[in-house]
Structures are given as structure tokens and as C-alpha cells.
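*Asks:* Following this line is query28.txt, made up of compact mmCIF, C-alpha atoms and all ligand atoms:
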# COMPACT_ATOMS: atom_id res chain seq x y z
CA MET A 30 44.28 6.32 -28.13
CA GLN A 31 44.76 5.95 -24.43
CA ILE A 32 42.99 2.97 -22.81
CA VAL A 33 42.53 3.25 -19.06
CA LYS A 34 42.17 -0.04 -17.22
CA PRO A 35 39.73 0.48 -14.38
CA ALA A 36 40.45 -1.22 -11.04
CA GLU A 37 36.76 -1.67 -10.29
CA GLN A 38 35.80 -5.35 -10.36
CA VAL A 39 32.02 -4.97 -10.51
CA ASP A 40 30.99 -4.08 -14.04
CA MET A 41 27.38 -3.65 -15.08
CA ALA A 42 26.70 -7.29 -15.99
CA ARG A 43 28.22 -8.51 -12.75
CA ASN A 44 26.37 -5.81 -10.85
CA LYS A 45 23.02 -7.07 -12.13
CA ARG A 46 23.88 -10.68 -11.39
CA LEU A 47 24.94 -9.83 -7.85
CA LEU A 48 21.98 -7.56 -7.14
CA ASN A 49 19.67 -10.38 -8.24
CA ARG A 50 21.40 -12.73 -5.80
CA TYR A 51 21.16 -10.25 -2.90
CA ARG A 52 17.50 -9.50 -3.69
CA PHE A 53 16.76 -13.22 -3.76
CA ILE A 54 18.49 -13.92 -0.43
CA GLU A 55 16.80 -10.96 1.30
CA TYR A 56 13.37 -11.88 -0.07
CA GLU A 57 13.64 -15.55 0.87
CA THR A 58 14.79 -14.48 4.34
CA ILE A 59 11.54 -12.52 4.75
CA ARG A 60 9.58 -15.63 3.78
CA ILE A 61 11.50 -17.83 6.21
CA LEU A 62 11.16 -15.37 9.10
CA ALA A 63 7.43 -15.02 8.43
CA ALA A 64 6.99 -18.79 8.36
CA TRP A 65 8.84 -19.19 11.65
CA LEU A 66 7.31 -16.28 13.54
CA PRO A 67 4.29 -18.26 14.82
CA ALA A 68 6.42 -21.40 15.27
CA THR A 69 9.02 -19.59 17.39
CA ALA A 70 8.25 -19.86 21.10
CA ARG A 71 10.51 -17.30 22.77
CA MET A 72 8.70 -13.96 22.95
CA GLU A 73 11.91 -11.94 22.68
CA TYR A 74 12.72 -13.68 19.39
CA LYS A 75 9.21 -13.15 18.06
CA LEU A 76 9.48 -9.43 18.76
CA ALA A 77 12.89 -9.34 17.06
CA LEU A 78 11.60 -11.30 14.05
CA GLY A 79 8.88 -8.72 13.47
CA ARG A 80 11.49 -5.97 13.19
CA PHE A 81 13.92 -8.06 11.15
CA LEU A 82 11.40 -9.09 8.55
CA TRP A 83 10.30 -5.49 8.07
CA GLU A 84 13.90 -4.36 7.74
CA GLU A 85 14.57 -7.13 5.21
CA ALA A 86 11.56 -5.78 3.31
CA GLN A 87 13.27 -2.36 3.22
CA HIS A 88 16.35 -4.06 1.77
CA VAL A 89 14.33 -5.83 -0.93
CA GLN A 90 12.63 -2.51 -1.70
CA HIS A 91 16.00 -0.74 -2.07
CA LEU A 92 17.30 -3.51 -4.34
CA TYR A 93 14.04 -3.64 -6.30
CA GLN A 94 14.15 0.11 -6.93
CA ARG A 95 17.70 -0.24 -8.24
CA LEU A 96 17.02 -3.40 -10.27
CA ARG A 97 13.98 -1.99 -12.02
CA LYS A 98 16.23 0.71 -13.52
CA VAL A 99 18.59 -1.85 -15.03
CA GLN A 100 16.43 -4.84 -15.96
CA THR A 101 12.86 -5.86 -16.84
CA PRO A 102 11.31 -7.62 -15.04
CA ALA A 103 13.02 -6.32 -11.91
CA PHE A 104 12.41 -9.51 -9.94
CA ARG A 105 14.32 -12.47 -11.35
CA PRO A 106 15.45 -15.78 -9.95
CA PRO A 107 19.21 -15.79 -9.36
CA GLY A 108 19.77 -18.42 -12.07
CA ASP A 109 21.82 -20.53 -9.68
CA PRO A 110 20.17 -23.77 -8.46
CA ALA A 111 22.71 -24.05 -5.61
CA LEU A 112 21.74 -20.64 -4.21
CA GLU A 113 18.07 -21.51 -4.60
CA GLU A 114 18.73 -24.74 -2.74
CA LEU A 115 20.43 -22.89 0.13
CA MET A 116 17.43 -20.63 0.68
CA ALA A 117 14.95 -23.47 0.16
CA GLU A 118 16.76 -25.58 2.75
CA ALA A 119 17.30 -22.84 5.36
CA ILE A 120 13.66 -23.10 6.52
CA HIS A 121 13.95 -26.78 7.57
CA ALA A 122 15.89 -26.07 10.77
CA PRO A 123 15.30 -28.39 13.73
CA ASP A 124 14.46 -25.55 16.14
CA GLU A 125 14.29 -21.77 16.42
CA ARG A 126 17.82 -21.25 17.75
CA SER A 127 19.34 -23.35 14.96
CA LEU A 128 17.23 -21.50 12.40
CA LEU A 129 18.40 -18.11 13.62
CA ALA A 130 22.01 -19.28 13.89
CA GLY A 131 21.91 -20.48 10.27
CA LEU A 132 20.43 -17.22 9.00
CA PHE A 133 22.17 -14.72 11.28
CA ARG A 134 25.54 -16.35 11.96
CA VAL A 135 26.18 -17.83 8.51
CA ILE A 136 24.18 -16.20 5.72
CA LYS A 137 23.99 -12.63 7.02
CA PRO A 138 27.67 -12.17 7.88
CA ALA A 139 28.51 -13.43 4.37
CA LEU A 140 25.93 -11.07 2.87
CA LEU A 141 27.34 -8.16 4.86
CA GLU A 142 30.83 -8.95 3.64
CA ALA A 143 29.58 -9.09 0.03
CA TYR A 144 27.81 -5.72 0.41
CA ARG A 145 30.98 -4.10 1.74
CA TRP A 146 33.14 -5.58 -1.00
CA HIS A 147 30.58 -4.63 -3.66
CA SER A 148 30.49 -1.05 -2.37
CA ARG A 149 34.25 -0.75 -2.88
CA GLN A 150 34.28 -2.43 -6.28
CA THR A 151 31.43 -0.87 -8.25
CA PHE A 152 31.89 2.23 -10.44
CA ALA A 153 31.12 4.81 -7.78
CA ASN A 154 29.55 7.61 -9.76
CA PRO A 155 27.71 5.71 -12.52
CA ASP A 156 26.41 3.22 -9.97
CA ALA A 157 25.77 5.70 -7.14
CA PRO A 158 22.18 4.50 -6.59
CA THR A 159 23.49 1.01 -5.75
CA LEU A 160 25.98 2.51 -3.32
CA TYR A 161 23.19 4.44 -1.65
CA ALA A 162 21.08 1.29 -1.32
CA LEU A 163 23.93 -0.81 0.04
CA LYS A 164 25.03 1.86 2.51
CA HIS A 165 21.60 1.81 4.15
CA ILE A 166 21.17 -1.96 3.99
CA VAL A 167 24.57 -2.43 5.65
CA LEU A 168 23.46 -0.33 8.65
CA ASP A 169 20.65 -2.81 9.38
CA GLU A 170 22.63 -5.92 8.58
CA GLU A 171 25.39 -4.90 10.99
CA GLU A 172 22.76 -4.66 13.72
CA HIS A 173 21.25 -8.03 12.79
CA VAL A 174 24.62 -9.74 12.90
CA ALA A 175 25.49 -8.03 16.20
CA TRP A 176 22.13 -9.14 17.65
CA ALA A 177 22.86 -12.77 16.84
CA ARG A 178 26.40 -12.48 18.16
CA ARG A 179 25.02 -11.29 21.51
CA GLU A 180 22.02 -13.62 21.59
CA PHE A 181 23.89 -16.80 20.70
CA ALA A 182 27.26 -15.96 22.25
CA GLY A 183 27.41 -19.19 24.22
CA GLN A 184 25.92 -21.42 21.54
CA PRO A 185 28.47 -23.71 19.86
CA THR A 186 28.19 -24.26 16.10
CA GLY A 187 25.66 -27.04 15.63
CA ASP A 188 25.13 -29.54 12.80
CA TRP A 189 22.44 -27.36 11.26
CA GLU A 190 24.57 -24.24 11.18
CA ARG A 191 27.42 -26.26 9.68
CA TYR A 192 25.06 -27.58 7.00
CA ILE A 193 23.96 -24.04 6.08
CA ALA A 194 27.63 -23.00 5.83
CA GLU A 195 28.30 -25.98 3.53
CA LEU A 196 25.31 -25.11 1.36
CA LEU A 197 26.57 -21.54 1.11
CA ALA A 198 29.98 -22.85 0.03
CA TYR A 199 28.24 -25.12 -2.50
CA ALA A 200 26.64 -21.96 -3.94
CA GLY A 201 30.05 -20.29 -4.24
CA GLY A 202 29.25 -17.93 -1.37
CA VAL A 203 26.85 -14.99 -1.59
CA THR A 204 28.47 -13.74 -4.80
CA GLY A 205 28.74 -17.21 -6.37
CA ASP A 206 32.29 -16.31 -7.32
CA GLU A 207 34.12 -18.33 -4.67
CA PRO A 208 35.32 -21.86 -5.45
CA ARG A 209 32.30 -24.15 -5.12
CA ALA A 210 32.28 -26.96 -2.58
CA GLU A 211 30.58 -30.36 -3.00
CA LYS A 212 26.87 -30.53 -2.31
CA PRO A 213 26.43 -31.45 1.38
CA ALA A 214 24.05 -34.08 2.70
CA GLY A 215 21.31 -32.87 5.07
CA PRO A 216 22.05 -33.57 8.75
CA ASP A 217 19.87 -35.92 10.83
CA ALA A 218 18.56 -32.87 12.66
CA ARG A 219 16.89 -31.54 9.47
CA SER A 220 13.19 -31.17 10.20
CA PRO A 221 10.84 -30.59 7.22
CA PHE A 222 8.96 -27.38 7.91
CA SER A 223 5.19 -27.46 8.04
CA SER A 224 2.89 -24.45 8.25
CA PRO A 225 2.34 -23.55 11.91
CA MET A 226 -1.34 -23.97 12.75
CA THR A 227 -0.79 -23.18 16.42
CA ALA A 228 1.05 -20.21 17.92
CA ALA A 229 4.02 -21.26 20.05
CA ARG A 230 4.71 -19.62 23.44
CA ASP A 231 7.62 -20.20 25.77
CA ASP A 232 7.01 -21.85 29.12
CA ARG A 233 6.81 -18.61 31.10
CA PHE A 234 3.28 -18.13 29.80
CA ILE A 235 -0.06 -19.56 30.80
CA ILE A 236 -2.05 -20.53 27.73
CA LEU A 237 -5.79 -19.91 27.68
CA GLU A 238 -7.02 -23.22 26.36
CA ARG A 239 -10.60 -22.09 26.51
CA HIS A 240 -12.89 -19.80 24.60
CA TRP A 241 -12.36 -16.07 24.65
CA GLY A 242 -15.47 -15.36 26.70
CA ASP A 243 -17.99 -12.82 25.56
CA ALA A 244 -16.17 -9.65 24.66
CA GLU A 245 -18.75 -7.36 26.23
CA THR A 246 -18.98 -9.20 29.56
CA ARG A 247 -15.19 -9.14 29.66
CA ARG A 248 -15.22 -5.36 29.49
CA LYS A 249 -14.66 -4.02 32.94
CA THR A 250 -16.92 -1.20 34.08
CA ASP A 251 -14.47 0.77 36.21
CA GLU A 252 -11.92 2.84 34.35
CA ALA A 253 -8.74 1.46 35.91
CA ALA A 254 -9.75 -2.13 35.17
CA ARG A 255 -10.75 -1.19 31.63
CA ARG A 256 -7.40 0.48 31.04
CA LEU A 257 -5.46 -2.48 32.43
CA ASP A 258 -7.54 -4.80 30.26
CA GLU A 259 -6.74 -2.72 27.18
CA PHE A 260 -2.97 -2.85 27.68
CA GLU A 261 -3.01 -6.52 28.66
CA ASN A 262 -4.73 -7.07 25.33
CA TYR A 263 -2.05 -5.06 23.54
CA SER A 264 0.56 -7.37 25.08
CA GLN A 265 -1.23 -10.21 23.25
CA GLU A 266 -1.19 -8.59 19.82
CA MET A 267 1.56 -11.00 18.82
CA LEU A 268 -1.48 -13.07 17.77
CA ALA A 269 -2.25 -10.58 15.00
CA ALA A 270 1.42 -10.51 13.91
CA GLU A 271 1.38 -14.31 13.78
CA THR A 272 -1.70 -14.34 11.54
CA VAL A 273 -0.16 -11.80 9.13
CA ALA A 274 3.07 -13.83 9.12
CA LEU A 275 1.13 -17.01 8.32
CA ILE A 276 -0.70 -15.23 5.48
CA ILE A 277 2.66 -14.13 4.01
CA HIS A 278 3.93 -17.71 4.28
CA LEU A 279 0.80 -19.16 2.67
CA SER A 280 0.81 -16.64 -0.20
CA PRO A 281 4.08 -17.12 -2.12
CA ASP A 282 2.61 -15.87 -5.40
CA MET A 283 1.32 -12.50 -4.23
CA PRO A 284 3.01 -9.42 -5.72
CA TRP A 285 5.94 -7.76 -3.99
CA GLY A 286 3.76 -4.81 -2.92
CA PHE A 287 1.65 -7.15 -0.81
CA VAL A 288 4.67 -8.68 0.90
CA TYR A 289 6.05 -5.20 1.54
CA ASP A 290 2.81 -3.94 3.11
CA SER A 291 2.31 -7.17 5.04
CA ALA A 292 5.84 -7.07 6.43
CA ARG A 293 4.94 -3.63 7.81
CA HIS A 294 1.59 -4.91 9.09
CA CYS A 295 3.33 -7.80 10.85
CA TYR A 296 6.01 -5.53 12.33
CA ASP A 297 3.36 -3.07 13.56
CA GLU A 298 1.56 -5.85 15.44
CA THR A 299 4.80 -6.94 17.12
CA ARG A 300 5.26 -3.27 18.11
CA HIS A 301 1.73 -3.13 19.50
CA CYS A 302 2.55 -6.23 21.51
CA LEU A 303 5.72 -4.53 22.75
CA LEU A 304 3.75 -1.39 23.51
CA GLY A 305 1.54 -3.47 25.84
CA ILE A 306 4.62 -5.07 27.40
CA GLU A 307 6.21 -1.66 27.97
CA TRP A 308 3.04 -0.17 29.40
CA LEU A 309 2.72 -3.03 31.89
CA TRP A 310 6.41 -2.76 32.77
CA ARG A 311 6.12 1.00 33.39
CA HIS A 312 3.28 0.22 35.77
CA GLY A 313 5.29 -2.37 37.66
CA LEU A 314 3.58 -5.34 36.02
CA ASP A 315 5.06 -8.43 34.35
CA TYR A 316 3.61 -9.22 30.92
CA THR A 317 4.44 -12.91 31.19
CA THR A 318 1.69 -13.23 33.83
CA VAL A 319 -0.95 -12.29 31.21
CA PRO A 320 -2.51 -15.54 29.91
CA GLN A 321 -2.06 -15.92 26.17
CA ASN A 322 -5.16 -16.68 24.15
CA THR A 323 -3.42 -18.60 21.38
CA ARG A 324 -6.77 -20.16 20.53
CA ILE A 325 -7.50 -17.01 18.49
CA TYR A 326 -4.59 -17.85 16.16
CA ALA A 327 -5.56 -21.52 15.95
CA TRP A 328 -9.12 -20.50 15.10
CA ARG A 329 -8.10 -18.05 12.35
CA SER A 330 -5.55 -20.50 10.91
CA GLN A 331 -8.32 -22.94 10.00
CA TYR A 332 -9.38 -20.65 7.18
CA ASP A 333 -7.81 -19.89 3.80
CA PRO A 334 -5.45 -16.87 3.71
CA SER A 335 -8.01 -14.46 2.22
CA THR A 336 -10.57 -15.31 4.90
CA GLN A 337 -7.90 -14.90 7.60
CA TYR A 338 -6.92 -11.54 6.12
CA CYS A 339 -10.53 -10.41 5.95
CA LEU A 340 -11.28 -11.61 9.52
CA LEU A 341 -8.32 -9.58 10.76
CA THR A 342 -8.54 -6.39 8.69
CA ARG A 343 -12.30 -6.09 8.23
CA GLY A 344 -13.34 -7.84 11.45
CA ASN A 345 -10.97 -7.00 14.31
CA GLU A 346 -9.16 -3.99 12.91
CA ALA A 347 -12.06 -2.16 11.26
CA HIS A 348 -14.20 -2.58 14.40
CA ALA A 349 -11.63 -1.50 17.00
CA PHE A 350 -11.95 2.25 16.48
CA PRO A 351 -15.00 3.13 18.64
CA HIS A 352 -13.40 1.35 21.60
CA ARG A 353 -10.04 3.03 21.03
CA ARG A 354 -11.59 6.48 20.62
CA ARG A 355 -13.40 6.02 23.92
CA SER A 356 -10.10 5.01 25.52
CA LEU A 357 -8.32 8.04 24.12
CA GLU A 358 -11.00 10.37 25.53
CA GLN A 359 -10.76 8.66 28.90
CA TYR A 360 -6.94 8.88 29.03
CA GLU A 361 -6.84 12.48 27.89
CA ALA A 362 -9.48 13.48 30.44
CA ALA A 363 -7.47 11.76 33.19
CA GLY A 364 -4.21 13.42 32.08
CA ASP A 365 -2.79 9.96 31.33
CA ARG A 366 -0.39 11.02 28.60
CA LEU A 367 1.42 7.70 28.30
CA SER A 368 -1.72 5.69 27.62
CA ALA A 369 -3.08 8.40 25.29
CA GLN A 370 0.13 8.45 23.25
CA TYR A 371 0.24 4.68 22.93
CA VAL A 372 -3.37 4.46 21.77
CA SER A 373 -2.89 7.35 19.32
CA TYR A 374 0.06 5.65 17.63
CA ASP A 375 -1.79 2.36 17.56
CA MET A 376 -4.80 3.94 15.85
CA ALA A 377 -2.55 5.50 13.21
CA ASP A 378 -1.15 2.05 12.40
CA GLU A 379 -4.55 0.39 12.44
CA ARG A 380 -5.97 2.82 9.90
CA GLN A 381 -3.24 1.64 7.55
CA HIS A 382 -4.01 -2.01 8.27
CA VAL A 383 -7.65 -1.58 7.32
CA ALA A 384 -6.45 0.16 4.14
CA TYR A 385 -4.12 -2.77 3.38
CA GLY A 386 -7.13 -5.06 3.73
CA THR A 387 -9.11 -3.03 1.20
CA LYS A 388 -6.17 -2.85 -1.18
CA TRP A 389 -5.08 -6.50 -1.22
CA LEU A 390 -8.19 -8.53 -0.51
CA PRO A 391 -9.39 -8.74 -4.14
CA GLU A 392 -6.04 -10.12 -5.30
CA LEU A 393 -5.74 -12.50 -2.37
CA MET A 394 -9.26 -13.79 -3.10
CA ALA A 395 -8.36 -14.33 -6.76
CA ARG A 396 -5.23 -16.30 -5.80
CA ASN A 397 -7.33 -18.46 -3.48
CA SER A 398 -9.95 -19.07 -6.20
CA ILE A 399 -12.71 -17.27 -4.31
CA ASP A 400 -15.10 -16.27 -7.01
CA MET A 401 -17.63 -13.85 -5.57
CA PRO A 402 -18.01 -10.07 -5.42
CA VAL A 403 -15.54 -8.61 -2.90
CA GLU A 404 -18.28 -6.78 -0.97
CA GLN A 405 -20.24 -10.00 -0.57
CA PHE A 406 -17.12 -11.83 0.63
CA ILE A 407 -16.44 -9.10 3.20
CA GLU A 408 -20.06 -9.18 4.38
CA GLU A 409 -20.04 -12.96 4.81
CA THR A 410 -16.64 -12.98 6.49
CA VAL A 411 -17.58 -10.21 8.94
CA ALA A 412 -20.74 -12.21 9.74
CA LEU A 413 -18.50 -15.22 10.40
CA TRP A 414 -16.30 -13.02 12.61
CA ARG A 415 -19.33 -11.92 14.64
CA ARG A 416 -20.58 -15.49 14.97
CA GLU A 417 -17.32 -17.15 15.87
CA TYR A 418 -15.01 -14.46 17.30
CA LEU A 419 -17.16 -11.74 18.80
CA SER A 420 -19.42 -14.32 20.40
CA GLY A 421 -16.35 -15.75 22.10
CA HIS A 422 -16.88 -19.28 20.79
CA LEU A 423 -13.78 -19.60 18.59
CA PRO A 424 -14.84 -23.04 17.37
CA LEU A 425 -12.01 -25.37 16.34
CA ARG A 426 -12.79 -27.97 13.70
CA SER A 427 -10.31 -30.36 15.30
CA GLU A 428 -12.40 -30.31 18.49
CA SER A 429 -15.75 -30.79 16.79
CA GLU A 430 -14.29 -33.66 14.75
CA ALA A 431 -12.89 -35.30 17.88
CA ALA A 432 -16.29 -34.95 19.58
CA SER A 433 -18.27 -36.52 16.74
FE FE A 501 -2.55 -3.92 16.39
FE FE A 502 -3.55 -4.11 13.10
Let me see the file written as C-alpha cells.
*Replies:*
Amino acid sequence: MQIVKPAEQVDMARNKRLLNRYRFIEYETIRILAAWLPATARMEYKLALGRFLWEEAQHVQHLYQRLRKVQTPAFRPPGDPALEELMAEAIHAPDERSLLAGLFRVIKPALLEAYRWHSRQTFANPDAPTLYALKHIVLDEEEHVAWARREFAGQPTGDWERYIAELLAYAGGVTGDEPRAEKPAGPDARSPFSSPMTAARDDRFIILERHWGDAETRRKTDEAARRLDEFENYSQEMLAAETVALIIHLSPDMPWGFVYDSARHCYDETRHCLLGIEWLWRHGLDYTTVPQNTRIYAWRSQYDPSTQYCLLTRGNEAHAFPHRRRSLEQYEAAGDRLSAQYVSYDMADERQHVAYGTKWLPELMARNSIDMPVEQFIEETVALWRREYLSGHLPLRSESEAAS
């Protein structure tokens, strides 16, 4: 009997072990990026984070779809405390540039290399679905790595980045198969992460430290002013992305489907923000001159994740349609195709966001021990939204406590 010795190094058991490691790294990266999105000040990074975390969600989805064919349950911890430690530590970066350097200049290049090696070493035909997944993931990861190479070209390797590299070596690299280094000690720069209750902005922006002002009195009566107001508001939709990101961060036990939808929700809001930025730019205006009402984020962040989610999806998002429809009519009547297109795409996204709210609110309530009928919760939360947001008051508990 002839025995053929295959050259392929990734057999089925190793394949599963590796796919679990990749899935874990990609998933934890989503959680870290979401946690840091509100805490990151530079607007260009925030916009990039929105896209990255959605693309990471596509990677997890690809890996999940493959893993569920070969193991039950599909989501499993990697079974390697050193790898878990790497991803648990990666969030405690001293600042946003160090964080991104650790993730995008250390972990991602190693991941990319593992994906390429894996693609050459698995049994091509029997494992074709893995090859398909990796081929598409690699496209994104190459872009992510190239982004960081450009963005941090002049940034020398710092203590934090070195620490992440040492932790990766301690875990035996992405595959766990490299010789393992000693466990490194955390550098002095390590800064324990805490949930961001305020939304950071870089120093180009003016921050509105006051209340929103009554929404209706803010509405301009002439059409040009109303249109400008609408797109200036779009350029501030990072606030919605930041709330969704915070909800992801605060909800580690929600099912994968929620994280997947929320990654899209978050990405959409960063795109709406960019849509406002682009509109202003095409009209010769600079978005950094638009004051940022970060008080809205601070106000929402005071509440538990299910209330925040309900305020956003059933308050703001569900109530935006009459205004947007009026805008669309106005832009179409004026032959303003650019504005009409932008609003049309926004409305398509927002319909989905309201649907996400309906889909996930019951489960989010259950995880936050809110024991009341969902309809009653929505009614009470929308009443809260009217009282505190629509009125323009945006009360902050920290202020009322300081005053008393
Ligand atoms: Fe939006
Ligand atoms: Fe939205």
C-alpha cells in the first residue's frame, strides 16, 4: 500500500486551533477599538477606527462561518493564557498613538504573516472555505498595516509597542508555535483603561460646553441656513458612533450577532460624520470650525447601556425621519443632487439602526437586569429623551451634584 506524505503543515486539528486563535485576536481587536473610539481625540483616527472595527467584524464573521462547520460551539477561547493576556493587556496603552502602534504595527503584521503562511499550508481543496475566508481577510489586513505604516512613519518604537511585541513573543506568536519568550513586565507607561465617559476631541475643535439649545428654535427658517445646519450636524455624528462604541465596550456578554450589527451601526455613524465633513469641504467650508457638542455623549453615557441604546435608536434615530424627508423634498426641488444623495443614503442606514434597536433591546435589557415590558421601557426612555435631549437641557449628574 502506497503511503503519500503530504507537505501541508496545517492538518485539521491544527487548523481549528489556529482559526480559534485568529478569531479571538480579531474579536478582541474589535472590543479594543470600540473602547478607544470615544477616548481617541484625533478625528482622522476616529473615522479610521469606525471602518477598521467594522472590517474586523467581517473577519470574525468569516472565521465564525468557517468555525461553526468544524466545531460546536463555534466561539471558543483560544486555550492559551498567554494569548489571552496579550489581548487583555493591549487595551491599557498610555495614549492613542501607542495603542494603534501596538495593534497595527505589532499584532496585525504578525496576523497577516500567519494568514499568508496558513493559506499556503492548509489542504487546499478540502479546506477551500478557509482559503476563501483568509483571502478576503488578507485584503483588509494589508490595508490596515499599510495605513499604520503611513500614519506612524516617523514614530520610533516606544516602550508600549515593545511591550506588546514581547507579549506576542510570550504567546509564541500569532500561531503559538514559535519558541515562547519570558513573560515581560508592564512598562511604566502602562495606563489602566477606564470606560470613556467623555468624548475626546483634538485641539482644532471648539467644544460646546453648554446645553444644546432648543432644537426647534435652532432650526433656521431660510432654506440655505437649514441645509447648512443639517450638514454641520452630520459632521457631528461621531457622537452617535461614540455612543454605539461605548455600548459595545460595556456589553461584553452580548451575542456575536449584536456585536456584528453594532460594529456596522458604529461604522455607519462615522460615515455619516464623514459625509458631513465632505459636504462642507465640497462647499468650501472647514468642518473643524463646527463646534462639537460633546455634552450629548457625556449626557447619554450617564445611563446604562440599554437606556443609551434606546435613547439613540428609539429617540434620535426613530424621530429623525420627518425632518430628513422634508430635507430630501427640498433638495430634490432645488436640483441639489449632492445633498439629496447624501440624505437618501443616510436614511437607508438609519432605517437599519432603528431595526437594530428593535432587535437587540430586549436582550440588552435582560443583560442589564431591567425587568419590565419592552414597550414600557421604550415609552419611558423616549419620554426621558424628550425631557432631557429634545428640550435641550442635557442635564449632567456631575453638575447637579457639584451644585448641591
Ligand atoms: Fe447617523
Ligand atoms: Fe444612526
*Asks:* Which chain A residues have any atom within 6 Å of an atom of ligand FE 502 (chain A), and for each, what is the nearest pair of atoms with distance in Å to one decimal, counting only C-alpha atoms and all ligand atoms, rows sorted by chain and number, as JSON lines?
*Replies:*
{"residue": "A:Glu298", "atom": "CA", "partner": "A:FE502", "partner_atom": "FE", "distance": 5.9}
{"residue": "A:Glu346", "atom": "CA", "partner": "A:FE502", "partner_atom": "FE", "distance": 5.6}
{"residue": "A:Glu379", "atom": "CA", "partner": "A:FE502", "partner_atom": "FE", "distance": 4.7}
{"residue": "A:His382", "atom": "CA", "partner": "A:FE502", "partner_atom": "FE", "distance": 5.3}
*Asks:* Considering all atoms listed in the file, can you say which of A:Arg416, A:His294, A:Arg355, A:Arg396 comes closest to ligand FE 501 (chain A)?
*Replies:* A:His294
*Asks:* Which residues form the shell of 8 Å around ligand FE 501 (chain A) when you count only C-alpha atoms and all ligand atoms, given as a ChimeraX atom specification?
*Replies:* /A:263,266,269,297-299,301-302,346,375,378-379
*Asks:* Please identify every residue of range 286-335 of chain A that has at least one atom no farther than 7 Å from an atom of range 216-236 of chain A, counting all atoms listed in the file, and for each give the shortest atom pair and the distance in Å to one decimal, arranged by chain then increasing number, as JSON lines.
*Replies:*
{"residue": "A:Thr317", "atom": "CA", "partner": "A:Phe234", "partner_atom": "CA", "distance": 5.5}
{"residue": "A:Thr318", "atom": "CA", "partner": "A:Phe234", "partner_atom": "CA", "distance": 6.5}
{"residue": "A:Pro320", "atom": "CA", "partner": "A:Ile235", "partner_atom": "CA", "distance": 4.8}
{"residue": "A:Gln321", "atom": "CA", "partner": "A:Ile236", "partner_atom": "CA", "distance": 4.9}
{"residue": "A:Asn322", "atom": "CA", "partner": "A:Ile236", "partner_atom": "CA", "distance": 6.1}
{"residue": "A:Thr323", "atom": "CA", "partner": "A:Ala228", "partner_atom": "CA", "distance": 5.9}
{"residue": "A:Tyr326", "atom": "CA", "partner": "A:Ala228", "partner_atom": "CA", "distance": 6.4}
{"residue": "A:Ala327", "atom": "CA", "partner": "A:Thr227", "partner_atom": "CA", "distance": 5.1}
{"residue": "A:Ser330", "atom": "CA", "partner": "A:Met226", "partner_atom": "CA", "distance": 5.8}
*Asks:* How far is it from CA of Leu92 in chain A to CA of Glu113 in chain A, in Å with one decimal?
*Replies:* 18.0 Å
*Asks:* Set the distance at 12 Å and use all atoms listed in the file: which residues neighbour Met116 in chain A once local chain neighbours fewer than 3 positions away are removed? I'd like the list as a VMD selection string.
*Replies:* chain A and resid 50 to 62 106 to 107 109 to 113 119 to 122 128 131 to 132 136 193 to 194 196 to 197 200 203
*Asks:* If we count only C-alpha atoms and set the cut-off at 9 Å, which residues sit around Ser356 in chain A, ignoring sequence neighbours fewer than 6 positions away in its own chain? Please answer as a list in words.
*Replies:*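 Final neighbour list, sorted by chain and number: Arg255, Arg256, Glu259, Ser368, Ala369 and Val372 of chain A.
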*Asks:* Might you pull out every residue within 12 Å of Phe181 in chain A, with all atoms listed in the file counted and same-chain residues fewer than 2 positions away left off, and present them as a VMD selection string?
*Replies:* chain A and resid 74 125 to 131 133 to 134 174 to 179 183 to 187
*Asks:* Please measure the separation of CA of Arg209 in chain A and CA of Arg43 in chain A, giving the value in Å to one decimal.
*Replies:*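 Taking CA of Arg209 in chain A as the start and CA of Arg43 in chain A as the end point, the length is 17.9 Å.
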*Asks:* Residues near Arg329 in chain A, anyone? I mean within 10 Å using only C-alpha atoms, not counting same-chain ones fewer than 4 positions away, as number ranges by chain.
*Replies:* A: 226-227, 268-269, 272, 324-325, 333-334, 336-338, 340-341, 414, 417-418, 423-425
*Asks:* Just to confirm, what's the straight-line distance from CA of Glu207 in chain A to CA of Leu48 in chain A in Å (one decimal)?
*Replies:*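 Interatomic distance here is 16.4 Å.
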*Asks:* Counting all atoms listed in the file, which of A:Glu358, A:Asn44, A:Trp285, A:Asp258 gets nearest to Val319 in chain A?
*Replies:*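 That would be A:Asp258, the residue with the smallest distance to Val319 in chain A.
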*Asks:* I need the residue nearest Glu261 in chain A from this list: A:Glu307, A:Glu404, A:Glu430, A:Asp40. Use only C-alpha atoms for the distance.
*Replies:* A:Glu307
*Asks:* List the neighbours of Ile166 in chain A out to 12 Å using all atoms listed in the file; skip same-chain residues closer than 5 positions along the sequence, and give me the result as a list in words.
*Replies:* Tyr51, Arg52, Glu55, Phe81, Glu84, Glu85, Ala86, Gln87, His88, Val89, Gln90, His91, Leu92, Lys137, Leu140, Leu141, Glu142, Ala143, Tyr144, Arg145, Ser148, Thr159, Leu160, Tyr161, Glu171, Glu172 and His173 of chain A
*Asks:* Using only C-alpha atoms, which residue out of A:Ala274, A:Ala412, A:Ala162, A:Ala253 lies closest to Asp365 in chain A?
*Replies:*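 Smallest separation from Asp365 in chain A among the options: A:Ala253.
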*Asks:* Counting all atoms listed in the file, which residue out of A:Pro138, A:Gln265, A:Pro35, A:Ala431 sits closest to Asp169 in chain A?
*Replies:* A:Pro138
*Asks:* Which is closer to Ala292 in chain A than all the others in A:Glu271, A:Ile399, A:Gly205, A:Gln359, using only C-alpha atoms?
*Replies:*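 Closest candidate: A:Glu271.
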*Asks:* Counting all atoms listed in the file, I want the residues whose atoms come within 10 Å of (29.1, -2.6, -11.8) in the file frame, returned as an MDAnalysis selection string.
*Replies:* chainID A and resid 37:48 147:148 150:153 155:156 159
